[in-house]
Amino acid sequence: MIKDVSKRIRNGMILFFVPLCWSAYAGAQPASLAFRSSDTALQNAFYRAKKMALRCRGNPSDPVGPWYEAALPARNAFCIRDVSHQCIPAEVLGMHAENKNIFSRFVSHISESKDWCTYWEMNRNGAPAPEDYRNDREFWYNLNANFELIHACWRMYLWTGDTRYINDPVFKTFFDLTATRYLERWKLQVDSLLTRPVYLNAPVPFNAADYFHRCRGIPSYYEAIHDVKMGIDLVAAIYRGLTSYAAMQVIWKQDQKAAFYRQKAAAYREQLDAVWWNDTTNRYHTYYAAGGTFGSGEGETYLLWYNALTDSSRIRHTIRHLLNSKWNVENRSYLPYQLARYGYGKQARENILFLANPTTERHDYPEVSFGVIEGLVQGVMGIAADARENRITTLYNHPSVDTCELSNLAVLSSRIGVRHWNGGTTFVNNGHSVIYWRASFRGTGRSIRVNGKSKKAVQQPTPEGLPVFYTDIAVAPGGKVTAVIF
């Protein structure tokens, strides 16, 4: 979590930190994911991060069941924001049971007594973490959380193909309550974002000195400003959560509801561009305060994370500001993947090496090692999955000609291997069913040869407008296919 740690120490809630994830389960077996590269610094970063991430694996015999650490060190806990970021890296490192259990815990604890919030953070004992929870009227909660969790469930379905993440009745109840009652109870309608009260649904009598009162419903992940009415990251989170919910409606064959939630989501994204952009500074405001003024702080990272931007110029300005500013490790742990997919491969590599460096401050924060794995698998290697089409897309995002190879990657209930080099990619399907591989390359006007035979290439721009071309290939179980450009 991105908290004001020093203030919480003064309140007596955090007494100490210990190095690494001391809650690790010693009996956990290392995952089989492997990474090899002629870029030895990148390879070393992967194995350092993998070792640290696996040490964050909890003991499955704990009262909560299978879990991994995804919170401030020494808490023996996991919180929604961190889990939503760490879940795909956890999946590829073999933490399938942990993800299923953690997600089930969160969605099952939504309640009206908490104004349709769930628990922000839970610990190894299966209880809400006392650092963030006193009772159903007094607790810490960032309002992004419900929408973040919807988006995370959608991404887990796309990556794993496990329909429980979207079809389980408990999950569906959480989605529906969030998109309706939660949104209404916290006055998060698009026309209320800048007029809602600062402290909404607060305990009575209200005690501003008690952070369980004033932080019960923070409208942002940026917690340094106490009179925030709205954070741009929450606007983006609502947009992405409702967009993901609309996509689920399509799978459930609820076409009218899908159209309704797509339209509803679009209104939030439109407000981002119409209201939050600052022409003077060429960047987005990140929060709106009680005094009726916009301000700037953390938040831009999440505009990329939620895919909330469509204007290529504004995307470039946002990334430029992120690269030229100093951020804490939580924010930086998001950057390798985001920078790589937007075509900033060199900067993505630099951030991976920074995060994986043992001398980096707060290097032991769990999200850091998981962010490195994410940055390599989904960022540098450009691997994306879509369970709807049983399709895996690859796009090499390394800034040089170095060779990079992943093997034993868990995705779509299968195991695959991907090897990239300058001008080509080899894909191996070690699973038991056909996988549709979308072999993508940056550039334009080129052709693709698949196992020596020419294939038609389809041109398609990236989110930033950079040209990409691809071809789709059915790879049989046990199959090995090579695609090269010429």
# chains A, B, ... in the order shown; residues from 1 in each chain; ligands from 1

call {"tool": "residues_around", "arguments": {"residues": "Thr180 in chain A", "least_positions_apart": "6", "cutoff": "12 Å", "atoms": "only C-alpha atoms", "output": "compact mmCIF listing (two decimals) with C-alpha atoms, in the first residue's frame"}}
result
# COMPACT_ATOMS: atom_id res chain seq x y z
CA ASP A 115 -20.99 0.62 2.79
CA TRP A 116 -20.29 -2.06 0.16
CA ASN A 146 -13.51 -2.41 -5.71
CA PHE A 147 -12.95 -1.32 -9.30
CA THR A 173 -22.35 -10.54 -6.72
CA PHE A 174 -19.29 -8.45 -5.88
CA TRP A 186 -19.92 6.72 -2.31
CA LYS A 187 -21.32 9.29 -4.79
CA LEU A 188 -19.01 8.22 -7.57
CA GLN A 189 -21.37 9.01 -10.45
CA ILE A 238 -13.86 3.41 -12.31
CA LEU A 242 -16.76 -0.70 -15.62
CA TYR A 245 -17.50 -5.47 -16.26
CA TYR A 261 -21.64 -0.29 -19.00
CA LYS A 264 -21.12 4.47 -18.64

call {"tool": "residues_around", "arguments": {"residues": "range 282-291 of chain A", "least_positions_apart": "2", "cutoff": "12 Å", "atoms": "only C-alpha atoms", "output": "VMD selection string"}}
result
chain A and resid 193 to 199 218 to 236 271 to 280 293 to 303 309 313 to 322

call {"tool": "closest_residue", "arguments": {"among": "A:Ser104, A:Thr426, A:Asn123, A:Gln86", "to": "Ala74 in chain A", "atoms": "only C-alpha atoms"}}
result
A:Asn123

call {"tool": "select_by_dssp", "arguments": {"residues": "range 205-452 of chain A", "states": "helix (DSSP H, G or I)", "output": "ChimeraX atom specification"}}
result
/A:211-214,232-251,255-275,300-305,312-323,329-341,345-356,366-380

call {"tool": "residues_around", "arguments": {"residues": "Ala152 in chain A", "least_positions_apart": "3", "cutoff": "8 Å", "atoms": "only C-alpha atoms", "output": "ChimeraX atom specification"}}
result
/A:84-85,87,148-149,155-156

call {"tool": "closest_atom_pairs", "arguments": {"of": "range 195-255 of chain A", "to": "range 380-397 of chain A", "cutoff": "12 Å", "atoms": "only C-alpha atoms", "output": "Markdown table"}}
result
| residue | atom | partner | partner_atom | distance |
| --- | --- | --- | --- | --- |
| A:Ala247 | CA | A:Arg388 | CA | 10.4 |
| A:Met248 | CA | A:Arg388 | CA | 10.5 |
| A:Val250 | CA | A:Arg388 | CA | 10.6 |
| A:Ile251 | CA | A:Arg388 | CA | 8.4 |

call {"tool": "residues_around", "arguments": {"residues": "range 323-336 of chain A", "least_positions_apart": "4", "cutoff": "7 Å", "atoms": "only C-alpha atoms", "output": "list in words"}}
result
Ile2, Thr301, Ile319, Ala340, Ala348, Arg349, Asn351, Ile352, Glu367, Val368, Gly371, Val372, Gly375 and Gly379 of chain A

call {"tool": "atom_distance", "arguments": {"atom1": "CA of Arg214 in chain A", "atom2": "CA of Ala202 in chain A"}}
result
7.1 Å

call {"tool": "closest_atom_pairs", "arguments": {"of": "range 341-409 of chain A", "to": "range 37-43 of chain A", "cutoff": "7 Å", "atoms": "only C-alpha atoms", "output": "tab-separated table"}}
result
residue	atom	partner	partner_atom	distance
A:Leu353	CA	A:Leu42	CA	6.9
A:Asp402	CA	A:Ser38	CA	5.6
A:Thr403	CA	A:Ser37	CA	5.4
A:Cys404	CA	A:Ser37	CA	4.3
A:Glu405	CA	A:Ser37	CA	6.2

call {"tool": "write_last_selection", "arguments": {"atoms": "N, CA and C atoms", "output": "mmCIF file, in the first residue's frame"}}
result
data_model
loop_
_atom_site.group_PDB
_atom_site.id
_atom_site.type_symbol
_atom_site.label_atom_id
_atom_site.label_comp_id
_atom_site.auth_asym_id
_atom_site.auth_seq_id
_atom_site.Cartn_x
_atom_site.Cartn_y
_atom_site.Cartn_z
ATOM 1 N N LEU A 353 16.405 -3.081 -13.874
ATOM 2 C CA LEU A 353 17.701 -3.217 -13.211
ATOM 3 C C LEU A 353 17.744 -2.419 -11.906
ATOM 4 N N ASP A 402 19.633 -8.147 -28.409
ATOM 5 C CA ASP A 402 19.858 -9.281 -27.516
ATOM 6 C C ASP A 402 18.761 -10.332 -27.632
ATOM 7 N N THR A 403 19.147 -11.564 -27.395
ATOM 8 C CA THR A 403 18.200 -12.673 -27.387
ATOM 9 C C THR A 403 17.647 -12.870 -25.989
ATOM 10 N N CYS A 404 16.342 -13.075 -25.898
ATOM 11 C CA CYS A 404 15.678 -13.350 -24.622
ATOM 12 C C CYS A 404 14.750 -14.543 -24.793
ATOM 13 N N GLU A 405 14.733 -15.412 -23.806
ATOM 14 C CA GLU A 405 13.931 -16.635 -23.911
ATOM 15 C C GLU A 405 13.283 -16.973 -22.582
#

call {"tool": "atom_distance", "arguments": {"atom1": "CA of Ile102 in chain A", "atom2": "CA of Leu376 in chain A"}}
result
24.0 Å

call {"tool": "select_by_dssp", "arguments": {"residues": "range 113-345 of chain A", "states": "strand (DSSP E or B)", "output": "ChimeraX atom specification"}}
result
/A:117,121-123,128,133-135,138-139,141-142,216-218,228-231,277-278,283-284,287-289,294-295

call {"tool": "closest_residue", "arguments": {"among": "A:Ser312, A:Ser113, A:Gln378, A:Asn430", "to": "Val481 in chain A", "atoms": "only C-alpha atoms"}}
result
A:Asn430

call {"tool": "atom_distance", "arguments": {"atom1": "CA of Ala410 in chain A", "atom2": "CA of Ile448 in chain A"}}
result
26.6 Å

call {"tool": "closest_residue", "arguments": {"among": "A:Arg75, A:Arg240, A:His151, A:Arg438", "to": "Asp132 in chain A", "atoms": "only C-alpha atoms"}}
result
A:Arg75
